[in-house]
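These notes concern the structure reproduced below.
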Amino acid sequence: MNTQTIETISEKEIQQLVENQRKYFNSNATLSSEFRIEQLKKFKALLLKHEDEMHQAIYNDFSKSKYENQLVEFYPLIDEIEVAIKNVKKWMKRKSVKTNFLNFPGKSYIVPEPLGVSLVIGAWNLPYNLSLTPLVGSMAAGNTTILKPSELPVETSAIMAKIINENFDPNYMKVVEGGIPETTALLNQRFDKIFFTGSPTVGKIVNKAAAENLTNVTLELGGKNPSIFTKDSDLKMSVKRMIWARFVNSGQFCITADYALVHKDIKDEFLKLAVKEIEKNNFSVEHDNYVQIINERNFDRVVGLIDQDKVYYGGTYNREKRIIDPTILNNVTLDDAVMQEEIFGPVLPVIEYETLDQAFEIIKSFEKPLAAYLFSNSSSEKDRFLSEIPFGNGAINDCVMQISNPNIPFGGVGNSGMGRYHGKYSFECFSNFKGILDKPTSLETNLKYYGYSEKRMKIMQKLS
Ligand code: NAD
């Protein structure tokens with residue numbers, strides 16, 4: 001257990017910090033592409049310099065191995081920075097749009113501008129990625145930023161604070177560590193953007209606070225993500241891909257498949273293949289690639305969702321080590337405890353279905369999920385999945401890998417969130433787009449001025 005304590009900050013200091021950041025933003029220091037690129041390059045160099053310490057910190061927090069950290073957090077983050085460095089000039093450019101006849105001889109265009117002072121609040125499960133990727137978007141868009149990482153992985157939060165607070169002007173970006181009191185104090189301030197990753201319950205608190213100042217808000221939340229396996233799937237490959245994605249990070253992954261809907265004719269085969277894949281991946285406490293449950297509270301919550309009568313595989317755990325072995329529950333029904341909340345742990349409930357309509361009905365009985373997955377090679381099933389099931393992002397014949405493509409916008413819908421980020425969507429997420437009509441003064445059509453007539457109105461209607 002980690003005993004590291006965090007540097008505390010008072011509400012007054014937080015208020016001063018926000019004021020200072022607003023002053024700095026209003027000085028226009030963050031506006032030029034040169035400044036943004038320079039800061040992004042500096043940030044990337046610092047992360048690379050401290051890479052080993054970052055791996056060690058997350059290992060100390062919940063035994064996440066270096067390789068898993070590199071794969072799921074560190075490299076995707078470095079990629080995001082590189083994409084931003086390469087493209088920020090292009091993203092910042094004015095974009096021309098068509099001008100209608102009524103506004104002849106004007107030009108029309110869209111001007112991106114930063115929103116101002118941003119607050120980024122991170123979650124614990126991918127603590128680097130979910131705190132620093134939005135920060136990169138905020139930097140690329142030319143904002144100043146206060147980052148509040150999750151307080152649960154203590155060392156991870158501390159290393160992010162060290163890297164940023166020792167190397168950047170706090171008026172430009174600053175990490176404020178802490179839990180509910182510090183987040184509440186931050187939410188009492190007026191920001192121009194709030195970007196939150198976490199649970200729908202806290203998302204509502206954040207949204208209410210944002211509404212107080214009509215602050216632009218992005219909410220990256222969670223939910224029960226379905227995965228559907230049909231008779232038309234390539235079952236062996238499908239199970240291989242899904243099982244890795246389901247148990248990586250010990251299932252503490254917002255876009256993993258929360259449960260599997262499996263056609264009754266292929267369920268036995270599915271279960272056998274799933275066990276084989278779990279064993280091949282060697283998800284076990286003895287191995288370097290099995291992550292601890294973040295804390296005892298979550299450990300007890302996830303263990304409480306395991307109905308021992310329904311255990312097909314696993315079902316064992318060690319509270320002292322905060323490890324839950326990969327677990328498959330069979331013959332699960334919607335009334336089971338495991339189907340009442342997002343699992344966020346290494347437990348996979350399997351529910352059988354007979355028709356795709358039944359599977360879709362089950363999915364629609366829950367709130368709109370953050371992610372959804374279909375394993376099928378049938379184009380009609382793919383079409384139905386894409387058009388009939390609402391969800392934030394997803395994949396066909398894969399699971400979670402959509403997150404690794406910066407060209408795919410990442411975000412939820414309804415109860416699983418609002419707004420999108422990654423790649424250029426991060427830039428857009430932290431920007432305002434001014435719509436401009438720009439007219440020379442040399443020419444004017446006098447149609448709109450007083451002295452209206454039927455004839456003029458008809459001409460105007462045609463030209464507009
Ligand atoms: P959480 O909502 O408990 O905490 C998120 C952040 O909010 C933390 O920084 C925390 O300090 C702060 N917080 C907690 N309670 C608060 C309160 N009462 N008032 C103000 N701030 C508060 O979420 P978590 O446990 O860190 O993460 C798990 C949840 O996040 C799951 O639902 C998961 O699906 C979701 N999630 C979503 C994404 C995504 O990208 N959409 C990514 C990871 C996790």
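Scheme for the structure tokens: letters A, B, ... for chains in order shown; per-chain residue numbers from 1; ligand numbers from 1 in order shown.
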Contacts with ligand 1 at most 8 Å, only C-alpha atoms and all ligand atoms counted, listed as a short mmCIF file (atom, residue, chain, number, x, y, z; two decimals) with N, CA, C and O atoms, in the first residue's frame:
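Done, and the output landed in out_13.cif:
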```cif
data_model
loop_
_atom_site.label_atom_id
_atom_site.label_comp_id
_atom_site.auth_asym_id
_atom_site.auth_seq_id
_atom_site.Cartn_x
_atom_site.Cartn_y
_atom_site.Cartn_z
N ILE A 121 -9.80 16.86 -15.69
CA ILE A 121 -9.90 15.98 -14.51
C ILE A 121 -9.77 14.54 -15.01
O ILE A 121 -10.55 14.09 -15.86
N GLY A 122 -8.76 13.81 -14.47
CA GLY A 122 -8.47 12.47 -14.98
C GLY A 122 -9.03 11.35 -14.12
O GLY A 122 -9.38 11.55 -12.96
N ALA A 123 -9.10 10.16 -14.71
CA ALA A 123 -9.52 8.95 -13.99
C ALA A 123 -8.28 8.11 -13.66
O ALA A 123 -7.19 8.37 -14.17
N TRP A 124 -8.46 7.06 -12.84
CA TRP A 124 -7.29 6.34 -12.35
C TRP A 124 -6.87 5.16 -13.21
O TRP A 124 -5.75 4.69 -13.11
N ASN A 125 -7.78 4.64 -14.03
CA ASN A 125 -7.49 3.31 -14.60
C ASN A 125 -6.40 3.33 -15.67
O ASN A 125 -5.63 2.38 -15.78
N LEU A 126 -6.34 4.39 -16.48
CA LEU A 126 -5.20 4.61 -17.38
C LEU A 126 -4.70 6.01 -17.02
O LEU A 126 -4.94 6.98 -17.74
N LEU A 130 -5.26 9.09 -19.65
CA LEU A 130 -6.52 9.82 -19.51
C LEU A 130 -6.33 11.22 -18.91
O LEU A 130 -7.24 12.04 -18.95
N LYS A 148 -6.02 17.95 -12.98
CA LYS A 148 -6.25 17.29 -11.68
C LYS A 148 -6.32 15.80 -11.97
O LYS A 148 -7.34 15.28 -12.36
N PRO A 149 -5.18 15.08 -11.79
CA PRO A 149 -5.21 13.64 -12.03
C PRO A 149 -5.99 12.94 -10.92
O PRO A 149 -6.20 13.52 -9.85
N SER A 150 -6.34 11.68 -11.14
CA SER A 150 -7.00 10.92 -10.07
C SER A 150 -6.03 10.75 -8.90
O SER A 150 -4.84 10.53 -9.09
N GLU A 151 -6.58 10.82 -7.71
CA GLU A 151 -5.77 10.70 -6.49
C GLU A 151 -5.50 9.25 -6.13
O GLU A 151 -4.66 8.98 -5.26
N LEU A 152 -6.17 8.30 -6.78
CA LEU A 152 -6.03 6.89 -6.33
C LEU A 152 -4.65 6.31 -6.65
O LEU A 152 -4.03 5.72 -5.78
N GLY A 178 -5.03 15.89 -5.78
CA GLY A 178 -6.03 15.85 -4.71
C GLY A 178 -7.25 15.03 -5.09
O GLY A 178 -7.36 14.52 -6.21
N GLY A 179 -8.16 14.94 -4.13
CA GLY A 179 -9.37 14.15 -4.32
C GLY A 179 -10.60 15.03 -4.39
O GLY A 179 -10.59 16.09 -5.02
N ILE A 180 -11.64 14.61 -3.68
CA ILE A 180 -12.92 15.31 -3.78
C ILE A 180 -12.83 16.78 -3.33
O ILE A 180 -13.30 17.66 -4.04
N PRO A 181 -12.19 17.10 -2.18
CA PRO A 181 -12.16 18.52 -1.77
C PRO A 181 -11.48 19.42 -2.80
O PRO A 181 -12.00 20.49 -3.12
N GLU A 182 -10.34 18.96 -3.31
CA GLU A 182 -9.61 19.79 -4.29
C GLU A 182 -10.40 19.92 -5.59
O GLU A 182 -10.48 21.00 -6.18
N THR A 183 -11.03 18.79 -6.02
CA THR A 183 -11.82 18.85 -7.27
C THR A 183 -13.01 19.77 -7.08
O THR A 183 -13.36 20.55 -7.97
N THR A 184 -13.61 19.70 -5.89
CA THR A 184 -14.77 20.57 -5.62
C THR A 184 -14.34 22.03 -5.65
O THR A 184 -15.02 22.89 -6.24
N LEU A 187 -13.89 23.04 -9.15
CA LEU A 187 -15.17 23.18 -9.86
C LEU A 187 -15.92 24.44 -9.43
O LEU A 187 -16.85 24.87 -10.12
N PHE A 196 -13.66 16.16 -18.43
CA PHE A 196 -13.72 15.22 -17.31
C PHE A 196 -13.74 13.78 -17.81
O PHE A 196 -14.51 13.43 -18.71
N THR A 197 -12.93 12.92 -17.19
CA THR A 197 -13.02 11.48 -17.44
C THR A 197 -13.32 10.81 -16.11
O THR A 197 -12.63 11.05 -15.11
N GLY A 198 -14.35 9.97 -16.08
CA GLY A 198 -14.70 9.27 -14.85
C GLY A 198 -16.08 8.65 -14.94
O GLY A 198 -16.58 8.36 -16.04
N SER A 199 -16.69 8.48 -13.80
CA SER A 199 -17.98 7.77 -13.74
C SER A 199 -19.14 8.70 -14.10
O SER A 199 -19.04 9.92 -13.92
N PRO A 200 -20.25 8.14 -14.59
CA PRO A 200 -21.43 8.97 -14.87
C PRO A 200 -21.91 9.72 -13.62
O PRO A 200 -22.36 10.87 -13.72
N THR A 201 -21.75 9.12 -12.43
CA THR A 201 -22.22 9.79 -11.21
C THR A 201 -21.46 11.10 -10.98
O THR A 201 -22.06 12.15 -10.74
N VAL A 202 -20.14 11.04 -11.06
CA VAL A 202 -19.35 12.27 -10.86
C VAL A 202 -19.49 13.18 -12.09
O VAL A 202 -19.48 14.41 -11.97
N GLY A 203 -19.69 12.57 -13.26
CA GLY A 203 -19.92 13.37 -14.48
C GLY A 203 -21.08 14.34 -14.30
O GLY A 203 -21.03 15.49 -14.76
N ILE A 205 -22.05 15.67 -11.45
CA ILE A 205 -21.59 16.75 -10.55
C ILE A 205 -20.80 17.79 -11.36
O ILE A 205 -20.99 19.00 -11.23
N VAL A 206 -19.94 17.28 -12.22
CA VAL A 206 -19.10 18.16 -13.05
C VAL A 206 -19.98 18.98 -14.00
O VAL A 206 -19.80 20.20 -14.17
N LEU A 219 -17.47 15.27 -21.39
CA LEU A 219 -17.56 14.22 -20.37
C LEU A 219 -17.23 12.88 -21.00
O LEU A 219 -17.90 12.45 -21.94
N GLU A 220 -16.18 12.25 -20.50
CA GLU A 220 -15.79 10.91 -20.96
C GLU A 220 -16.16 9.95 -19.85
O GLU A 220 -15.44 9.83 -18.86
N LEU A 221 -17.30 9.27 -20.00
CA LEU A 221 -17.83 8.47 -18.89
C LEU A 221 -17.80 6.98 -19.23
O LEU A 221 -17.07 6.56 -20.12
N GLY A 222 -18.58 6.19 -18.51
CA GLY A 222 -18.51 4.74 -18.72
C GLY A 222 -19.88 4.13 -18.96
O GLY A 222 -20.83 4.83 -19.26
N GLY A 223 -19.96 2.83 -18.81
CA GLY A 223 -21.23 2.13 -19.01
C GLY A 223 -21.00 0.65 -19.20
O GLY A 223 -19.88 0.17 -19.04
N GLN A 252 -9.94 -3.23 -15.92
CA GLN A 252 -10.21 -1.86 -15.44
C GLN A 252 -9.99 -0.91 -16.63
O GLN A 252 -9.03 -0.16 -16.68
N PHE A 253 -10.88 -1.04 -17.59
CA PHE A 253 -10.70 -0.36 -18.87
C PHE A 253 -12.09 0.08 -19.33
O PHE A 253 -12.96 -0.77 -19.56
N CYS A 254 -12.27 1.40 -19.47
CA CYS A 254 -13.62 1.91 -19.75
C CYS A 254 -14.22 1.39 -21.04
O CYS A 254 -15.44 1.31 -21.17
N ILE A 255 -13.40 1.05 -22.04
CA ILE A 255 -13.98 0.62 -23.32
C ILE A 255 -13.90 -0.89 -23.52
O ILE A 255 -14.19 -1.39 -24.60
N GLU A 342 -21.60 -1.30 -14.11
CA GLU A 342 -20.37 -1.49 -14.89
C GLU A 342 -19.39 -2.30 -14.04
O GLU A 342 -19.17 -1.98 -12.86
N PHE A 344 -15.91 -3.15 -14.42
CA PHE A 344 -14.61 -2.51 -14.21
C PHE A 344 -13.65 -3.41 -13.43
O PHE A 344 -12.96 -2.99 -12.51
N LEU A 370 -20.53 3.32 -23.81
CA LEU A 370 -19.37 4.04 -24.36
C LEU A 370 -18.87 3.32 -25.61
O LEU A 370 -18.53 3.94 -26.60
N PHE A 410 -12.97 9.79 -30.25
CA PHE A 410 -13.20 8.95 -29.09
C PHE A 410 -14.11 9.68 -28.10
O PHE A 410 -13.82 10.79 -27.67
N GLY A 411 -15.22 9.03 -27.74
CA GLY A 411 -16.13 9.65 -26.77
C GLY A 411 -17.40 8.83 -26.65
O GLY A 411 -17.59 7.85 -27.37
N GLY A 412 -18.25 9.24 -25.72
CA GLY A 412 -19.48 8.49 -25.47
C GLY A 412 -20.70 9.22 -25.96
O GLY A 412 -20.62 10.24 -26.65
N SER A 416 -22.99 7.72 -21.33
CA SER A 416 -21.55 7.42 -21.40
C SER A 416 -20.73 8.64 -21.81
O SER A 416 -19.51 8.53 -22.00
N GLY A 417 -21.36 9.78 -21.93
CA GLY A 417 -20.59 11.01 -22.12
C GLY A 417 -21.04 11.90 -23.24
O GLY A 417 -22.01 11.60 -23.94
#
```
Could you list, as a VMD selection string, every residue within 8 Å of Gln21 (chain A), counting only C-alpha atoms and ignoring same-chain residues fewer than 5 positions away? chain A and resid 117 144 to 145 170 to 173
Can you pull out every residue within 8 Å of region 133-137 of chain A, counting only C-alpha atoms, but drop anything in the same chain fewer than 3 positions away, and send it as a VMD selection string? chain A and resid 40 77 80 to 81 84 120 128 to 130 140 to 141 145 147 195 421 to 423 426 to 427 429 to 430
Selection above as a file: N, CA, C and O atoms, as a PDB file, in the first residue's frame:
```pdb
ATOM      1  N   LEU A  40       4.846  21.659 -26.811  1.00  0.00           N
ATOM      2  CA  LEU A  40       4.555  20.233 -27.039  1.00  0.00           C
ATOM      3  C   LEU A  40       5.860  19.439 -27.159  1.00  0.00           C
ATOM      4  O   LEU A  40       5.981  18.333 -26.622  1.00  0.00           O
ATOM      5  N   LEU A  77       0.329   7.989 -25.904  1.00  0.00           N
ATOM      6  CA  LEU A  77       0.447   9.393 -25.487  1.00  0.00           C
ATOM      7  C   LEU A  77       1.513  10.111 -26.317  1.00  0.00           C
ATOM      8  O   LEU A  77       1.298  11.227 -26.812  1.00  0.00           O
ATOM      9  N   GLU A  80       0.166  10.799 -29.689  1.00  0.00           N
ATOM     10  CA  GLU A  80      -0.752  11.955 -29.690  1.00  0.00           C
ATOM     11  C   GLU A  80       0.037  13.254 -29.779  1.00  0.00           C
ATOM     12  O   GLU A  80      -0.336  14.175 -30.498  1.00  0.00           O
ATOM     13  N   ILE A  81       1.145  13.322 -29.016  1.00  0.00           N
ATOM     14  CA  ILE A  81       1.943  14.559 -29.031  1.00  0.00           C
ATOM     15  C   ILE A  81       2.554  14.754 -30.419  1.00  0.00           C
ATOM     16  O   ILE A  81       2.540  15.854 -30.975  1.00  0.00           O
ATOM     17  N   ALA A  84       0.039  15.966 -32.851  1.00  0.00           N
ATOM     18  CA  ALA A  84      -0.272  17.388 -32.597  1.00  0.00           C
ATOM     19  C   ALA A  84       0.856  18.286 -33.127  1.00  0.00           C
ATOM     20  O   ALA A  84       0.591  19.293 -33.789  1.00  0.00           O
ATOM     21  N   VAL A 120      -8.693  19.952 -16.685  1.00  0.00           N
ATOM     22  CA  VAL A 120      -8.762  18.545 -17.093  1.00  0.00           C
ATOM     23  C   VAL A 120      -8.780  17.704 -15.821  1.00  0.00           C
ATOM     24  O   VAL A 120      -7.892  17.827 -14.971  1.00  0.00           O
ATOM     25  N   TYR A 128      -2.032   7.909 -16.873  1.00  0.00           N
ATOM     26  CA  TYR A 128      -1.245   8.808 -17.726  1.00  0.00           C
ATOM     27  C   TYR A 128      -2.053   9.226 -18.945  1.00  0.00           C
ATOM     28  O   TYR A 128      -2.200  10.400 -19.256  1.00  0.00           O
ATOM     29  N   ASN A 129      -2.553   8.199 -19.619  1.00  0.00           N
ATOM     30  CA  ASN A 129      -3.254   8.439 -20.871  1.00  0.00           C
ATOM     31  C   ASN A 129      -4.462   9.360 -20.696  1.00  0.00           C
ATOM     32  O   ASN A 129      -4.657  10.317 -21.447  1.00  0.00           O
ATOM     33  N   LEU A 130      -5.259   9.090 -19.654  1.00  0.00           N
ATOM     34  CA  LEU A 130      -6.521   9.824 -19.508  1.00  0.00           C
ATOM     35  C   LEU A 130      -6.332  11.217 -18.915  1.00  0.00           C
ATOM     36  O   LEU A 130      -7.244  12.035 -18.951  1.00  0.00           O
ATOM     37  N   ALA A 140      -2.355  22.010 -27.657  1.00  0.00           N
ATOM     38  CA  ALA A 140      -2.364  22.205 -29.115  1.00  0.00           C
ATOM     39  C   ALA A 140      -3.359  23.296 -29.504  1.00  0.00           C
ATOM     40  O   ALA A 140      -3.109  24.086 -30.418  1.00  0.00           O
ATOM     41  N   ALA A 141      -4.471  23.359 -28.779  1.00  0.00           N
ATOM     42  CA  ALA A 141      -5.493  24.357 -29.115  1.00  0.00           C
ATOM     43  C   ALA A 141      -5.143  25.743 -28.560  1.00  0.00           C
ATOM     44  O   ALA A 141      -5.851  26.709 -28.832  1.00  0.00           O
ATOM     45  N   THR A 145      -3.841  25.399 -18.879  1.00  0.00           N
ATOM     46  CA  THR A 145      -4.522  24.213 -18.338  1.00  0.00           C
ATOM     47  C   THR A 145      -4.170  23.942 -16.887  1.00  0.00           C
ATOM     48  O   THR A 145      -3.000  24.031 -16.499  1.00  0.00           O
ATOM     49  N   LEU A 147      -4.456  20.642 -14.546  1.00  0.00           N
ATOM     50  CA  LEU A 147      -4.736  19.206 -14.606  1.00  0.00           C
ATOM     51  C   LEU A 147      -4.915  18.667 -13.196  1.00  0.00           C
ATOM     52  O   LEU A 147      -4.060  18.880 -12.333  1.00  0.00           O
ATOM     53  N   PHE A 195     -12.816  19.338 -19.013  1.00  0.00           N
ATOM     54  CA  PHE A 195     -12.736  18.026 -19.662  1.00  0.00           C
ATOM     55  C   PHE A 195     -12.641  16.995 -18.543  1.00  0.00           C
ATOM     56  O   PHE A 195     -11.665  16.961 -17.797  1.00  0.00           O
ATOM     57  N   TYR A 421     -12.587  13.322 -28.504  1.00  0.00           N
ATOM     58  CA  TYR A 421     -11.196  13.773 -28.572  1.00  0.00           C
ATOM     59  C   TYR A 421     -10.330  12.743 -29.263  1.00  0.00           C
ATOM     60  O   TYR A 421     -10.836  11.805 -29.858  1.00  0.00           O
ATOM     61  N   HIS A 422      -9.026  12.965 -29.208  1.00  0.00           N
ATOM     62  CA  HIS A 422      -7.941  12.232 -29.904  1.00  0.00           C
ATOM     63  C   HIS A 422      -7.648  12.924 -31.245  1.00  0.00           C
ATOM     64  O   HIS A 422      -8.572  13.299 -31.967  1.00  0.00           O
ATOM     65  N   GLY A 423      -6.332  13.031 -31.519  1.00  0.00           N
ATOM     66  CA  GLY A 423      -5.894  13.626 -32.790  1.00  0.00           C
ATOM     67  C   GLY A 423      -6.509  14.997 -32.996  1.00  0.00           C
ATOM     68  O   GLY A 423      -6.593  15.805 -32.064  1.00  0.00           O
ATOM     69  N   SER A 426      -9.180  16.283 -30.602  1.00  0.00           N
ATOM     70  CA  SER A 426      -8.767  16.908 -29.337  1.00  0.00           C
ATOM     71  C   SER A 426      -8.606  18.407 -29.535  1.00  0.00           C
ATOM     72  O   SER A 426      -9.017  19.208 -28.700  1.00  0.00           O
ATOM     73  N   PHE A 427      -7.988  18.765 -30.646  1.00  0.00           N
ATOM     74  CA  PHE A 427      -7.823  20.189 -30.954  1.00  0.00           C
ATOM     75  C   PHE A 427      -9.198  20.851 -31.027  1.00  0.00           C
ATOM     76  O   PHE A 427      -9.429  21.922 -30.451  1.00  0.00           O
ATOM     77  N   CYS A 429     -11.960  19.840 -29.714  1.00  0.00           N
ATOM     78  CA  CYS A 429     -12.617  19.768 -28.410  1.00  0.00           C
ATOM     79  C   CYS A 429     -12.255  20.968 -27.521  1.00  0.00           C
ATOM     80  O   CYS A 429     -13.072  21.436 -26.741  1.00  0.00           O
ATOM     81  N   PHE A 430     -11.029  21.468 -27.656  1.00  0.00           N
ATOM     82  CA  PHE A 430     -10.558  22.577 -26.816  1.00  0.00           C
ATOM     83  C   PHE A 430     -10.579  23.918 -27.569  1.00  0.00           C
ATOM     84  O   PHE A 430      -9.932  24.862 -27.130  1.00  0.00           O
TER      85      PHE A 430
END
```
The residue from A:Arg456, A:Lys424, A:Lys98, A:Arg297 with the smallest atom-to-atom distance to Lys86 (chain A), counting only C-alpha atoms, is A:Lys424
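Ranking A:Thr355, A:Ser63, A:Asn331, A:Asn432 by their shortest atom-to-atom distance to Asn216 (chain A), with only C-alpha atoms included, puts A:Asn432 first.
Considering only C-alpha atoms, the residue among A:Thr30, A:Asn330, A:Ser108, A:Ser131 positioned nearest to Ser157 (chain A) is A:Ser131.
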As a PyMOL selection string, please: all residues of region 113-267 of chain A that backbone DSSP puts in strand (DSSP E). chain A and resi 113-114+117-121+144-148+173-175+193-197+216-220+226-229+259-263
Expected file contents, prior selection, C-alpha atoms, as a PDB file, in the first residue's frame:
```
ATOM      1  CA  GLU A 113      -9.474  30.014 -31.399  1.00  0.00           C
ATOM      2  CA  PRO A 114      -8.561  28.553 -27.992  1.00  0.00           C
ATOM      3  CA  VAL A 117      -8.440  28.414 -19.250  1.00  0.00           C
ATOM      4  CA  SER A 118      -9.077  24.649 -19.200  1.00  0.00           C
ATOM      5  CA  LEU A 119      -9.562  22.207 -16.381  1.00  0.00           C
ATOM      6  CA  VAL A 120      -8.762  18.545 -17.093  1.00  0.00           C
ATOM      7  CA  ILE A 121      -9.896  15.976 -14.513  1.00  0.00           C
ATOM      8  CA  THR A 144      -3.736  27.316 -20.414  1.00  0.00           C
ATOM      9  CA  THR A 145      -4.522  24.213 -18.338  1.00  0.00           C
ATOM     10  CA  ILE A 146      -4.965  22.989 -14.799  1.00  0.00           C
ATOM     11  CA  LEU A 147      -4.736  19.206 -14.606  1.00  0.00           C
ATOM     12  CA  LYS A 148      -6.249  17.292 -11.685  1.00  0.00           C
ATOM     13  CA  MET A 173      -0.028  24.669 -17.033  1.00  0.00           C
ATOM     14  CA  LYS A 174      -0.101  23.236 -13.575  1.00  0.00           C
ATOM     15  CA  VAL A 175      -0.995  19.943 -11.921  1.00  0.00           C
ATOM     16  CA  LYS A 193     -13.411  24.419 -20.679  1.00  0.00           C
ATOM     17  CA  ILE A 194     -13.825  21.422 -18.402  1.00  0.00           C
ATOM     18  CA  PHE A 195     -12.736  18.026 -19.662  1.00  0.00           C
ATOM     19  CA  PHE A 196     -13.716  15.217 -17.306  1.00  0.00           C
ATOM     20  CA  THR A 197     -13.019  11.483 -17.438  1.00  0.00           C
ATOM     21  CA  ASN A 216     -18.015  24.216 -22.390  1.00  0.00           C
ATOM     22  CA  VAL A 217     -17.757  20.661 -21.084  1.00  0.00           C
ATOM     23  CA  THR A 218     -16.606  17.281 -22.369  1.00  0.00           C
ATOM     24  CA  LEU A 219     -17.561  14.218 -20.367  1.00  0.00           C
ATOM     25  CA  GLU A 220     -15.790  10.914 -20.965  1.00  0.00           C
ATOM     26  CA  PRO A 226     -21.653  -5.159 -25.003  1.00  0.00           C
ATOM     27  CA  SER A 227     -19.821  -7.601 -27.255  1.00  0.00           C
ATOM     28  CA  ILE A 228     -21.888  -9.778 -29.567  1.00  0.00           C
ATOM     29  CA  PHE A 229     -20.680 -13.045 -31.055  1.00  0.00           C
ATOM     30  CA  TYR A 259     -20.276  -8.633 -21.086  1.00  0.00           C
ATOM     31  CA  ALA A 260     -20.545 -11.141 -23.955  1.00  0.00           C
ATOM     32  CA  LEU A 261     -23.745 -11.949 -25.791  1.00  0.00           C
ATOM     33  CA  VAL A 262     -23.101 -15.285 -27.480  1.00  0.00           C
ATOM     34  CA  HIS A 263     -25.383 -17.189 -29.852  1.00  0.00           C
TER      35      HIS A 263
END
```
Closest to Ser96 (chain A) among A:Gly435, A:Thr230, A:Phe366, A:Leu463, using only C-alpha atoms? A:Gly435
Using only C-alpha atoms, pick whichever of A:Asp232, A:Glu381, A:Glu177, A:Glu354 has the shortest atom-to-atom distance to Asn165 (chain A). A:Glu177
I want to know what sits within 10 Å of Glu277 (chain A), based on only C-alpha atoms, with residues of the same chain fewer than 6 positions away left out; could you give that as a list in words? Lys236, Val239, Lys240, Arg241, Met242, Ile243, Trp244, Leu271 and Phe283 of chain A
Pull N, CA and C atoms from the residues just selected and write them as an mmCIF file, in the first residue's frame.
```
data_model
loop_
_atom_site.group_PDB
_atom_site.id
_atom_site.type_symbol
_atom_site.label_atom_id
_atom_site.label_comp_id
_atom_site.auth_asym_id
_atom_site.auth_seq_id
_atom_site.Cartn_x
_atom_site.Cartn_y
_atom_site.Cartn_z
ATOM 1 N N LYS A 236 -12.536 -18.329 -33.436
ATOM 2 C CA LYS A 236 -11.221 -18.473 -32.808
ATOM 3 C C LYS A 236 -10.504 -17.114 -32.710
ATOM 4 N N VAL A 239 -12.445 -14.589 -30.336
ATOM 5 C CA VAL A 239 -12.254 -14.808 -28.893
ATOM 6 C C VAL A 239 -10.844 -14.386 -28.491
ATOM 7 N N LYS A 240 -9.881 -14.694 -29.345
ATOM 8 C CA LYS A 240 -8.484 -14.295 -29.055
ATOM 9 C C LYS A 240 -8.401 -12.777 -28.829
ATOM 10 N N ARG A 241 -8.988 -12.018 -29.768
ATOM 11 C CA ARG A 241 -8.904 -10.555 -29.678
ATOM 12 C C ARG A 241 -9.677 -10.032 -28.468
ATOM 13 N N MET A 242 -10.854 -10.598 -28.271
ATOM 14 C CA MET A 242 -11.709 -10.075 -27.204
ATOM 15 C C MET A 242 -11.166 -10.405 -25.825
ATOM 16 N N ILE A 243 -10.641 -11.602 -25.641
ATOM 17 C CA ILE A 243 -10.181 -11.995 -24.298
ATOM 18 C C ILE A 243 -8.978 -11.153 -23.858
ATOM 19 N N TRP A 244 -8.058 -10.890 -24.764
ATOM 20 C CA TRP A 244 -6.938 -10.017 -24.381
ATOM 21 C C TRP A 244 -7.480 -8.655 -23.937
ATOM 22 N N LEU A 271 -16.823 -20.670 -24.859
ATOM 23 C CA LEU A 271 -16.309 -20.796 -23.483
ATOM 24 C C LEU A 271 -14.968 -21.530 -23.463
ATOM 25 N N PHE A 283 -2.570 -14.471 -17.741
ATOM 26 C CA PHE A 283 -3.023 -13.439 -16.822
ATOM 27 C C PHE A 283 -3.011 -14.065 -15.432
#
```
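Nearest residue to Lys49 (chain A), choosing from A:Ser404, A:Ile163, A:Ala257, A:Phe168 and counting only C-alpha atoms: A:Ile163.
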Residues within 10 Å of Glu19 (chain A), only C-alpha atoms, excluding chain neighbours under 5 positions, as a ChimeraX atom specification: /A:13-14,24-25,117,171,189-191
Just N, CA and C atoms for this one: save the residues we selected as a compact mmCIF listing (two decimals), in the first residue's frame.
```
# COMPACT_ATOMS: atom_id res chain seq x y z
N GLU A 13 -5.76 29.52 -2.95
CA GLU A 13 -4.63 29.36 -3.89
C GLU A 13 -5.14 28.91 -5.27
N ILE A 14 -6.16 28.05 -5.23
CA ILE A 14 -6.73 27.59 -6.50
C ILE A 14 -7.34 28.77 -7.26
N TYR A 24 -2.56 35.25 -17.95
CA TYR A 24 -1.54 34.77 -18.89
C TYR A 24 -2.19 34.49 -20.25
N PHE A 25 -3.35 33.84 -20.23
CA PHE A 25 -4.04 33.55 -21.49
C PHE A 25 -4.38 34.85 -22.22
N VAL A 117 -9.03 29.15 -20.38
CA VAL A 117 -8.44 28.41 -19.25
C VAL A 117 -9.19 27.08 -19.11
N ASN A 171 1.44 29.48 -14.71
CA ASN A 171 0.40 30.30 -15.36
C ASN A 171 -0.02 29.69 -16.70
N GLN A 189 -14.56 27.27 -9.43
CA GLN A 189 -13.98 28.37 -10.21
C GLN A 189 -14.64 28.44 -11.59
N ARG A 190 -14.41 29.56 -12.23
CA ARG A 190 -14.93 29.70 -13.59
C ARG A 190 -13.85 29.30 -14.59
N PHE A 191 -14.13 28.26 -15.36
CA PHE A 191 -13.21 27.84 -16.43
C PHE A 191 -13.87 28.11 -17.78
```
Spatial neighbours of Leu48 (chain A), 12 Å, only C-alpha atoms, chain gap at least 2 places, as a PyMOL selection string: chain A and resi 41-46+50-55+70+74-75+77-78+81+163
